[in-house]
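File shown: query.pdb. Contents: PDB, C-alpha atoms and all ligand atoms.
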ATOM      1  CA  MET A   1       0.000   0.000   0.000
ATOM      2  CA  ALA A   2       2.831   2.332   0.752
ATOM      3  CA  GLY A   3       3.821   2.422  -2.903
ATOM      4  CA  ARG A   4       0.409   3.488  -4.105
ATOM      5  CA  PHE A   5      -0.329   6.177  -1.548
ATOM      6  CA  ARG A   6       1.471   9.103  -0.110
ATOM      7  CA  VAL A   7       2.153   7.881   3.417
ATOM      8  CA  VAL A   8       0.399  10.096   5.893
ATOM      9  CA  GLU A   9       1.590   9.701   9.433
ATOM     10  CA  ARG A  10      -0.129  11.222  12.398
ATOM     11  CA  VAL A  11       1.252  10.717  15.836
ATOM     12  CA  CYS A  12      -0.981  11.765  18.667
ATOM     13  CA  VAL A  13       0.890  12.805  21.750
ATOM     14  CA  LYS A  14      -0.154  12.535  25.337
ATOM     15  CA  ASN A  15      -1.448  16.080  25.572
ATOM     16  CA  CYS A  16      -4.088  15.188  23.080
ATOM     17  CA  PHE A  17      -5.579  12.402  25.134
ATOM     18  CA  HIS A  18      -4.790  13.133  28.739
ATOM     19  CA  ILE A  19      -7.994  15.057  28.872
ATOM     20  CA  ALA A  20     -10.550  12.372  29.420
ATOM     21  CA  LEU A  21     -11.981  11.570  32.785
ATOM     22  CA  LEU A  22     -14.497   8.825  33.160
ATOM     23  CA  MET A  23     -17.553   9.240  35.314
ATOM     24  CA  LEU A  24     -19.645   6.166  35.927
ATOM     25  CA  CYS A  25     -23.361   6.685  35.774
ATOM     26  CA  SER A  26     -25.824   4.334  37.350
ATOM     27  CA  CYS A  27     -26.308   2.236  34.224
ATOM     28  CA  ALA A  28     -24.673  -1.157  33.883
ATOM     29  CA  VAL A  29     -21.622  -1.434  31.682
ATOM     30  CA  VAL A  30     -22.455  -3.753  28.830
ATOM     31  CA  ASP A  31     -19.147  -5.567  28.676
ATOM     32  CA  GLY A  32     -18.849  -9.307  28.971
ATOM     33  CA  GLN A  33     -21.093 -10.068  25.986
ATOM     34  CA  ASP A  34     -20.508 -13.246  24.014
ATOM     35  CA  SER A  35     -17.577 -12.953  21.678
ATOM     36  CA  ALA A  36     -18.390 -11.754  18.188
ATOM     37  CA  PHE A  37     -14.813 -12.248  17.064
ATOM     38  CA  ASP A  38     -13.149 -15.407  15.890
ATOM     39  CA  ILE A  39      -9.683 -15.556  17.451
ATOM     40  CA  LYS A  40      -7.035 -16.802  15.012
ATOM     41  CA  HIS A  41      -3.385 -17.702  14.947
ATOM     42  CA  TRP A  42      -1.111 -15.499  12.892
ATOM     43  CA  ARG A  43      -0.694 -18.166  10.207
ATOM     44  CA  ALA A  44      -4.471 -18.462   9.784
ATOM     45  CA  LEU A  45      -4.988 -14.783   8.948
ATOM     46  CA  ASP A  46      -6.101 -13.823   5.430
ATOM     47  CA  ASP A  47      -4.049 -10.645   5.512
ATOM     48  CA  ARG A  48      -0.551 -10.826   6.977
ATOM     49  CA  ASP A  49       0.732  -7.946   4.898
ATOM     50  CA  ILE A  50       1.908  -5.594   7.621
ATOM     51  CA  SER A  51       4.529  -2.879   7.563
ATOM     52  CA  ALA A  52       8.038  -2.973   9.028
ATOM     53  CA  LEU A  53       6.708  -0.940  11.964
ATOM     54  CA  GLY A  54       3.917  -3.467  12.503
ATOM     55  CA  ARG A  55       6.445  -6.292  12.554
ATOM     56  CA  ALA A  56       8.687  -4.332  14.923
ATOM     57  CA  VAL A  57       5.768  -3.710  17.290
ATOM     58  CA  MET A  58       4.887  -7.401  17.370
ATOM     59  CA  ARG A  59       8.501  -8.475  17.814
ATOM     60  CA  GLY A  60       9.235  -5.793  20.386
ATOM     61  CA  SER A  61       6.415  -6.490  22.813
ATOM     62  CA  ALA A  62       6.699  -8.920  25.659
ATOM     63  CA  GLY A  63       4.273 -11.846  25.558
ATOM     64  CA  SER A  64       2.377 -13.452  22.711
ATOM     65  CA  TRP A  65      -0.199 -11.974  20.375
ATOM     66  CA  ILE A  66      -3.671 -13.029  19.359
ATOM     67  CA  HIS A  67      -5.504 -11.922  16.241
ATOM     68  CA  ALA A  68      -8.978 -11.621  14.747
ATOM     69  CA  GLU A  69     -10.286 -10.425  11.402
ATOM     70  CA  THR A  70     -13.437  -8.562  10.439
ATOM     71  CA  GLU A  71     -14.307  -6.885   7.150
ATOM     72  CA  LEU A  72     -12.830  -3.635   8.473
ATOM     73  CA  PHE A  73      -9.735  -4.593  10.448
ATOM     74  CA  THR A  74      -7.314  -7.277  11.462
ATOM     75  CA  TYR A  75      -6.819  -6.837  15.205
ATOM     76  CA  HIS A  76      -3.611  -7.699  17.027
ATOM     77  CA  THR A  77      -3.662  -7.665  20.831
ATOM     78  CA  ALA A  78      -2.241  -9.477  23.842
ATOM     79  CA  THR A  79      -5.460 -10.836  25.325
ATOM     80  CA  ARG A  80      -8.905 -11.889  24.204
ATOM     81  CA  GLN A  81     -10.578  -9.411  26.524
ATOM     82  CA  ARG A  82      -8.519  -6.560  25.078
ATOM     83  CA  LEU A  83      -9.271  -7.682  21.554
ATOM     84  CA  GLU A  84     -13.003  -7.778  22.114
ATOM     85  CA  ARG A  85     -13.187  -4.381  23.795
ATOM     86  CA  VAL A  86     -10.986  -2.700  21.229
ATOM     87  CA  ALA A  87     -12.639  -4.369  18.244
ATOM     88  CA  ARG A  88     -16.155  -3.438  19.406
ATOM     89  CA  GLU A  89     -15.067   0.152  19.853
ATOM     90  CA  ALA A  90     -13.239   0.288  16.509
ATOM     91  CA  GLU A  91     -16.110  -1.245  14.523
ATOM     92  CA  TRP A  92     -18.638   1.111  16.134
ATOM     93  CA  THR A  93     -16.562   4.254  15.729
ATOM     94  CA  TYR A  94     -15.637   3.391  12.135
ATOM     95  CA  ALA A  95     -19.344   3.518  11.269
ATOM     96  CA  ASP A  96     -20.021   6.576  13.429
ATOM     97  CA  VAL A  97     -17.089   8.625  12.117
ATOM     98  CA  SER A  98     -17.959   7.620   8.539
ATOM     99  CA  ARG A  99     -21.516   8.861   9.010
ATOM    100  CA  ARG A 100     -20.388  12.157  10.531
ATOM    101  CA  LEU A 101     -17.947  12.734   7.648
ATOM    102  CA  GLY A 102     -20.451  11.582   5.027
ATOM    103  CA  LEU A 103     -18.089   8.821   3.862
ATOM    104  CA  ARG A 104     -19.070   5.413   2.530
ATOM    105  CA  ALA A 105     -17.271   2.302   3.764
ATOM    106  CA  VAL A 106     -14.529   1.167   1.424
ATOM    107  CA  GLU A 107     -13.423  -2.370   0.681
ATOM    108  CA  GLU A 108     -10.106  -2.162   2.386
ATOM    109  CA  ARG A 109      -9.068  -3.857   5.590
ATOM    110  CA  GLY A 110      -6.791  -2.071   8.010
ATOM    111  CA  HIS A 111      -4.668  -3.378  10.870
ATOM    112  CA  LEU A 112      -5.085  -2.270  14.471
ATOM    113  CA  PHE A 113      -2.322  -3.089  16.963
ATOM    114  CA  VAL A 114      -2.636  -2.629  20.715
ATOM    115  CA  VAL A 115       0.562  -2.428  22.759
ATOM    116  CA  GLU A 116       0.067  -3.117  26.454
ATOM    117  CA  ASN A 117       3.287  -1.768  27.883
ATOM    118  CA  GLU A 118       4.553   1.813  27.753
ATOM    119  CA  GLY A 119       8.200   0.666  27.909
ATOM    120  CA  ASP A 120       7.781  -1.651  24.904
ATOM    121  CA  TRP A 121       5.990   1.096  23.013
ATOM    122  CA  ALA A 122       8.643   3.736  23.670
ATOM    123  CA  ARG A 123      11.484   1.376  22.771
ATOM    124  CA  VAL A 124       9.931   0.292  19.473
ATOM    125  CA  MET A 125       8.928   3.821  18.482
ATOM    126  CA  ARG A 126      12.384   5.193  19.272
ATOM    127  CA  ALA A 127      14.043   2.366  17.325
ATOM    128  CA  ALA A 128      11.783   3.158  14.371
ATOM    129  CA  GLY A 129      12.712   6.838  14.552
ATOM    130  CA  ARG A 130       9.269   7.929  15.698
ATOM    131  CA  ARG A 131       8.128  10.125  18.582
ATOM    132  CA  ALA A 132       8.261   8.087  21.755
ATOM    133  CA  ASP A 133       5.898  10.471  23.591
ATOM    134  CA  GLY A 134       2.939   9.434  21.455
ATOM    135  CA  VAL A 135       0.117   7.257  22.698
ATOM    136  CA  ALA A 136      -1.404   6.477  19.320
ATOM    137  CA  LEU A 137      -0.236   6.490  15.749
ATOM    138  CA  HIS A 138      -1.860   6.215  12.349
ATOM    139  CA  VAL A 139       0.272   5.309   9.339
ATOM    140  CA  GLY A 140      -1.562   4.373   6.157
ATOM    141  CA  ARG A 141      -3.812   1.399   6.804
ATOM    142  CA  GLU A 142      -2.325   0.703  10.225
ATOM    143  CA  ILE A 143      -3.352   2.102  13.595
ATOM    144  CA  PHE A 144      -1.203   1.622  16.692
ATOM    145  CA  ILE A 145      -2.631   2.173  20.158
ATOM    146  CA  LEU A 146      -0.868   2.173  23.529
ATOM    147  CA  ARG A 147      -3.163   0.807  26.214
ATOM    148  CA  ASP A 148      -0.878   0.754  29.206
ATOM    149  CA  GLN A 149      -2.905   0.581  32.404
ATOM    150  CA  HIS A 150      -1.050   3.653  33.667
ATOM    151  CA  THR A 151      -2.039   5.901  30.762
ATOM    152  CA  GLY A 152      -5.358   7.701  30.734
ATOM    153  CA  ALA A 153      -5.829   7.380  27.018
ATOM    154  CA  SER A 154      -8.392   4.652  26.764
ATOM    155  CA  TYR A 155     -11.497   6.566  25.793
ATOM    156  CA  VAL A 156     -10.524   8.913  23.000
ATOM    157  CA  ASP A 157      -7.613   7.256  21.209
ATOM    158  CA  ILE A 158      -9.515   4.861  18.936
ATOM    159  CA  PRO A 159     -12.214   7.350  17.818
ATOM    160  CA  HIS A 160      -9.527   9.985  17.260
ATOM    161  CA  GLU A 161      -7.332   7.675  15.179
ATOM    162  CA  MET A 162     -10.411   6.449  13.324
ATOM    163  CA  VAL A 163     -10.973   9.994  12.035
ATOM    164  CA  HIS A 164      -7.368  10.100  10.761
ATOM    165  CA  TYR A 165      -7.781   6.658   9.205
ATOM    166  CA  ARG A 166     -11.061   7.474   7.438
ATOM    167  CA  LEU A 167      -9.676  10.784   6.158
ATOM    168  CA  TRP A 168      -6.649   8.910   4.858
ATOM    169  CA  GLN A 169      -8.891   6.384   3.119
ATOM    170  CA  ALA A 170     -10.943   9.173   1.550
ATOM    171  CA  TYR A 171      -8.310  11.821   0.850
ATOM    172  CA  GLY A 172      -4.968  10.106   1.364
ATOM    173  CA  ARG A 173      -3.791  11.121  -2.058
ATOM    174  CA  GLU A 174      -4.561  14.795  -1.443
ATOM    175  CA  ASP A 175      -2.941  17.453   0.652
ATOM    176  CA  LEU A 176      -5.301  17.623   3.593
ATOM    177  CA  PRO A 177      -4.501  20.811   5.508
ATOM    178  CA  LEU A 178      -3.034  19.960   8.908
ATOM    179  CA  TRP A 179      -5.411  22.302  10.794
ATOM    180  CA  LEU A 180      -8.397  20.626   9.127
ATOM    181  CA  GLU A 181      -7.271  17.042   9.677
ATOM    182  CA  GLU A 182      -6.248  17.497  13.299
ATOM    183  CA  GLY A 183      -9.267  19.678  14.052
ATOM    184  CA  LEU A 184     -11.582  16.989  12.695
ATOM    185  CA  ALA A 185      -9.758  14.269  14.647
ATOM    186  CA  VAL A 186      -9.979  16.256  17.887
ATOM    187  CA  PHE A 187     -13.587  17.387  17.473
ATOM    188  CA  LEU A 188     -15.180  14.343  15.834
ATOM    189  CA  GLY A 189     -12.979  11.952  17.825
ATOM    190  CA  TRP A 190     -14.350  13.450  21.031
ATOM    191  CA  GLU A 191     -17.957  13.463  19.794
ATOM    192  CA  SER A 192     -17.663   9.841  18.688
ATOM    193  CA  ALA A 193     -16.012   8.832  21.978
ATOM    194  CA  LEU A 194     -18.865  10.459  23.903
ATOM    195  CA  ALA A 195     -21.464   8.674  21.784
ATOM    196  CA  TYR A 196     -19.756   5.288  22.000
ATOM    197  CA  GLN A 197     -19.269   5.416  25.744
ATOM    198  CA  GLN A 198     -22.920   6.392  26.170
ATOM    199  CA  THR A 199     -23.865   3.100  24.489
ATOM    200  CA  ARG A 200     -21.945   1.425  27.338
ATOM    201  CA  GLY A 201     -23.712   3.496  29.973
ATOM    202  CA  LEU A 202     -20.745   5.773  30.591
ATOM    203  CA  ASN A 203     -20.410   9.537  30.445
ATOM    204  CA  LEU A 204     -17.127  11.207  29.581
ATOM    205  CA  TYR A 205     -16.025  14.577  30.849
ATOM    206  CA  ARG A 206     -12.771  16.332  30.235
ATOM    207  CA  GLN A 207     -10.537  18.890  31.762
ATOM    208  CA  GLN A 208      -8.400  21.105  29.596
ATOM    209  CA  GLU A 209      -5.910  23.785  30.508
ATOM    210  CA  ALA A 210      -6.370  27.319  29.226
ATOM    211  CA  VAL A 211      -4.193  28.212  26.238
ATOM    212  CA  GLU A 212      -1.851  31.039  27.200
ATOM    213  CA  GLU A 213      -1.612  34.098  24.962
ATOM    214  CA  THR A 214       1.993  33.235  24.103
ATOM    215  CA  ASP A 215       1.034  29.741  22.889
ATOM    216  CA  TRP A 216      -1.914  30.848  20.755
ATOM    217  CA  PHE A 217      -1.373  30.463  16.998
ATOM    218  CA  PRO A 218      -2.250  33.529  14.914
ATOM    219  CA  TRP A 219      -4.845  32.406  12.347
ATOM    220  CA  SER A 220      -2.612  32.884   9.297
ATOM    221  CA  GLU A 221       0.065  30.774  10.962
ATOM    222  CA  LEU A 222      -2.400  28.065  11.979
ATOM    223  CA  PHE A 223      -3.873  27.722   8.495
ATOM    224  CA  ALA A 224      -0.399  27.476   6.918
ATOM    225  CA  MET A 225       1.063  24.849   9.277
ATOM    226  CA  LYS A 226       2.570  21.776   7.629
ATOM    227  CA  THR A 227       4.159  20.094  10.654
ATOM    228  CA  TYR A 228       3.234  19.626  14.294
ATOM    229  CA  PRO A 229       4.729  21.920  16.932
ATOM    230  CA  ASP A 230       7.717  20.509  18.808
ATOM    231  CA  LYS A 231       6.915  21.810  22.273
ATOM    232  CA  PRO A 232       4.221  19.861  24.165
ATOM    233  CA  VAL A 233       2.542  23.049  25.385
ATOM    234  CA  ARG A 234       2.223  24.356  21.835
ATOM    235  CA  THR A 235       1.013  20.967  20.629
ATOM    236  CA  ALA A 236      -1.713  21.113  23.255
ATOM    237  CA  ALA A 237      -2.599  24.630  22.084
ATOM    238  CA  PHE A 238      -2.728  23.442  18.471
ATOM    239  CA  TYR A 239      -5.124  20.616  19.353
ATOM    240  CA  ARG A 240      -7.399  22.857  21.359
ATOM    241  CA  GLN A 241      -7.458  25.623  18.777
ATOM    242  CA  THR A 242      -8.127  23.379  15.784
ATOM    243  CA  GLY A 243     -10.631  21.207  17.654
ATOM    244  CA  ARG A 244     -12.608  24.217  18.872
ATOM    245  CA  LEU A 245     -12.523  25.778  15.409
ATOM    246  CA  LEU A 246     -14.109  22.660  13.918
ATOM    247  CA  LYS A 247     -16.737  22.595  16.669
ATOM    248  CA  GLU A 248     -17.725  26.194  15.931
ATOM    249  CA  VAL A 249     -17.829  25.529  12.179
ATOM    250  CA  VAL A 250     -19.952  22.403  12.564
ATOM    251  CA  ASP A 251     -22.284  24.138  15.022
ATOM    252  CA  GLY A 252     -22.686  26.858  12.387
ATOM    253  CA  ILE A 253     -23.251  24.772   9.249
ATOM    254  CA  GLY A 254     -24.771  21.597  10.738
ATOM    255  CA  GLU A 255     -23.073  18.208  10.843
ATOM    256  CA  GLU A 256     -24.976  16.993   7.787
ATOM    257  CA  ARG A 257     -23.038  19.478   5.660
ATOM    258  CA  LEU A 258     -19.630  18.673   7.125
ATOM    259  CA  GLY A 259     -18.673  16.079   4.498
ATOM    260  CA  ALA A 260     -19.319  18.540   1.665
ATOM    261  CA  LEU A 261     -17.332  21.253   3.445
ATOM    262  CA  VAL A 262     -14.328  18.960   3.906
ATOM    263  CA  GLU A 263     -14.511  17.914   0.273
ATOM    264  CA  THR A 264     -14.545  21.553  -0.850
ATOM    265  CA  LEU A 265     -11.650  22.498   1.421
ATOM    266  CA  VAL A 266      -9.541  19.560   0.270
ATOM    267  CA  HIS A 267     -10.183  19.833  -3.450
ATOM    268  CA  GLY A 268     -10.728  23.569  -3.779
ATOM    269  CA  GLN A 269      -7.539  24.805  -2.128
ATOM    270  CA  GLN A 270      -9.615  27.736  -0.845
ATOM    271  CA  SER A 271      -9.518  29.335   2.555
ATOM    272  CA  LEU A 272     -12.073  28.446   5.212
ATOM    273  CA  ARG A 273     -13.275  32.064   5.195
ATOM    274  CA  HIS A 274     -13.783  32.045   1.432
ATOM    275  CA  VAL A 275     -15.750  28.781   1.501
ATOM    276  CA  LEU A 276     -17.948  29.823   4.433
ATOM    277  CA  GLU A 277     -18.717  33.170   2.793
ATOM    278  CA  THR A 278     -19.285  31.969  -0.775
ATOM    279  CA  GLU A 279     -20.870  28.559  -0.253
ATOM    280  CA  TYR A 280     -22.480  28.757   3.168
ATOM    281  CA  GLY A 281     -23.709  32.350   3.115
ATOM    282  CA  TRP A 282     -21.765  33.586   6.128
ATOM    283  CA  SER A 283     -20.980  37.288   6.276
ATOM    284  CA  ALA A 284     -17.431  38.473   6.937
ATOM    285  CA  ALA A 285     -18.622  39.620  10.388
ATOM    286  CA  GLU A 286     -20.008  36.155  11.136
ATOM    287  CA  VAL A 287     -16.668  34.517  10.264
ATOM    288  CA  ASP A 288     -14.861  37.043  12.467
ATOM    289  CA  ALA A 289     -17.296  36.413  15.327
ATOM    290  CA  MET A 290     -16.782  32.642  15.014
ATOM    291  CA  LYS A 291     -13.009  33.066  15.232
ATOM    292  CA  GLU A 292     -13.472  35.329  18.233
ATOM    293  CA  ARG A 293     -15.553  32.636  19.958
ATOM    294  CA  VAL A 294     -12.771  30.102  19.335
ATOM    295  CA  GLU A 295     -10.240  32.499  20.804
ATOM    296  CA  GLN A 296     -12.346  33.186  23.886
ATOM    297  CA  ALA A 297     -13.109  29.492  24.423
ATOM    298  CA  VAL A 298      -9.567  28.127  24.249
ATOM    299  CA  LYS A 299      -8.190  30.815  26.528
ATOM    300  CA  GLN A 300     -10.447  29.455  29.267
ATOM    301  CA  PRO A 301      -9.913  26.142  31.056
ATOM    302  CA  VAL A 302     -12.532  23.451  30.545
ATOM    303  CA  GLN A 303     -13.765  21.781  33.681
ATOM    304  CA  ARG A 304     -16.455  19.459  32.367
ATOM    305  CA  ALA A 305     -18.280  18.584  29.160
ATOM    306  CA  ASP A 306     -17.640  21.079  26.381
TER     307      ASP A 306
HETATM  308 ZN    ZN A 401      -4.470  13.371  15.872
END

Reformat the file's structure so that it appears as C-alpha cells.
Amino acid sequence: MAGRFRVVERVCVKNCFHIALLMLCSCAVVDGQDSAFDIKHWRALDDRDISALGRAVMRGSAGSWIHAETELFTYHTATRQRLERVAREAEWTYADVSRRLGLRAVEERGHLFVVENEGDWARVMRAAGRRADGVALHVGREIFILRDQHTGASYVDIPHEMVHYRLWQAYGREDLPLWLEEGLAVFLGWESALAYQQTRGLNLYRQQEAVEETDWFPWSELFAMKTYPDKPVRTAAFYRQTGRLLKEVVDGIGEERLGALVETLVHGQQSLRHVLETEYGWSAAEVDAMKERVEQAVKQPVQRAD
C-alpha cells in the first residue's frame, strides 16, 4: 500500500488524550457479551501484509499476540478481553465517524495493533525513529494504540485515530490541511467517543488547561502549518485551537453538511473564510465572530463537558 499512496503519518501525543476523565453513571456497563470475534493464529490470517513498523511492534512487545479479522480490520492484541473491547469500539466508531464525515465504507481492511506496555511502546517507536511520547499512531492502513494501564488514554484514542484513518482512506492522495485534519480528529474523535461510551452506559467529561496568549497560533500561521509543533505546550494549544474551530464551524453549518465542506476544502484549495462566505452564506462579520468565539473558548480552562 505504501507504494500506491502518499504515506500520511499522524502521531498523537499525550497532551491530546490526557484530557478524558471517566464518570460512571448508574447504568450497567455492557461488557462481557458473548464474543463476536473469531480468534485466530497469525498463520491463519487472510491478511498478513503488515509494515516494518507493525512487525517491529509485534517483535518488540513482551508476551504473545492473538488476532482476529473482520471486514474492516485485522486486530492484534495481547489478550482476548482486550481484543473484544478494542474491536467493538473500533467497529462502532468506524461507522459513526464515517456517518459524521459523510463517507461510505470502502473495501479495504486495516490493521489495528494494541501495545500493552509503555516501555515496549517507547522502545519500538524510538528504534523506528518515531516520537516516543505518542500514545497512538496512524500510518496508512495501520493504527497503533498504547493501552498501558497507567495511561489515561483509553477513551478517546480509537475514535480519534479512526478519524485520521477514514480521512486517509478518503483523501490520502490529497494534501489535507493539517489544521483541518487534526481539528476533525480532535472534534469528531471526542464526539464519537462520547457517543460510543454512552452506548456502554458511561459519560465522559474532560478537563483542559487554558491556552496562554503566548502559545496561541495567529490564524494565518495556523492555516499554513505543515508540521506539528515541537513543544508539548504548543502541541496542546494546536489541538485545542483546531478542535474548537471545527466545533464552531460544525455548530454553524450543521453536521450533515460537514462532508461537503471537507470535500470543498480539500479539493478547492480555498480558505475556510472564502468557503464559508461563498458557499455557506456567512458574512465576513459572522466569520470574524466565530473566530473570536474560538479564541475566547480556548483561553479558558474546561472543567467538564464542552
Ligand atoms: Zn491526531

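Distances from A:Asp47, A:Glu91, A:Glu84, A:Asp157 to ligand ZN 401 (chain A) were compared using all atoms listed in the file, and the smallest one belongs to A:Asp157.
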
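Atom pair atom CA of Arg147 of chain A / atom CA of Val135 of chain A: separated by 8.0 Å.
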
TODO: Using the chain letters and residue numbers of this document, give as a list in words the residues selected by the PyMOL selection byres (((chain A and resi 80) around 10) and not hetatm).
DONE: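 In the shown coordinates, the PyMOL selection byres (((chain A and resi 80) around 10) and not hetatm) covers Ser35, Phe37, Asp38, Ile39, Trp65, Ile66, His67, Ala68, His76, Thr77, Ala78, Thr79, Gln81, Arg82, Leu83, Glu84, Arg85 and Val86 of chain A.
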
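For the residues A:Ala105, A:Val97, A:Ala185, A:Met58, ranking by smallest atom-to-atom distance to ligand ZN 401 (chain A) using only C-alpha atoms and all ligand atoms places A:Ala185 first.
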
Open item on the list: For a test of reading the model, state the distance in Å between atom CA of Gln269 of chain A and atom CA of Leu246 of chain A, rounded to one decimal.
Closed with: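 Computing the Euclidean distance for atom CA of Gln269 of chain A and atom CA of Leu246 of chain A yields 17.5 Å.
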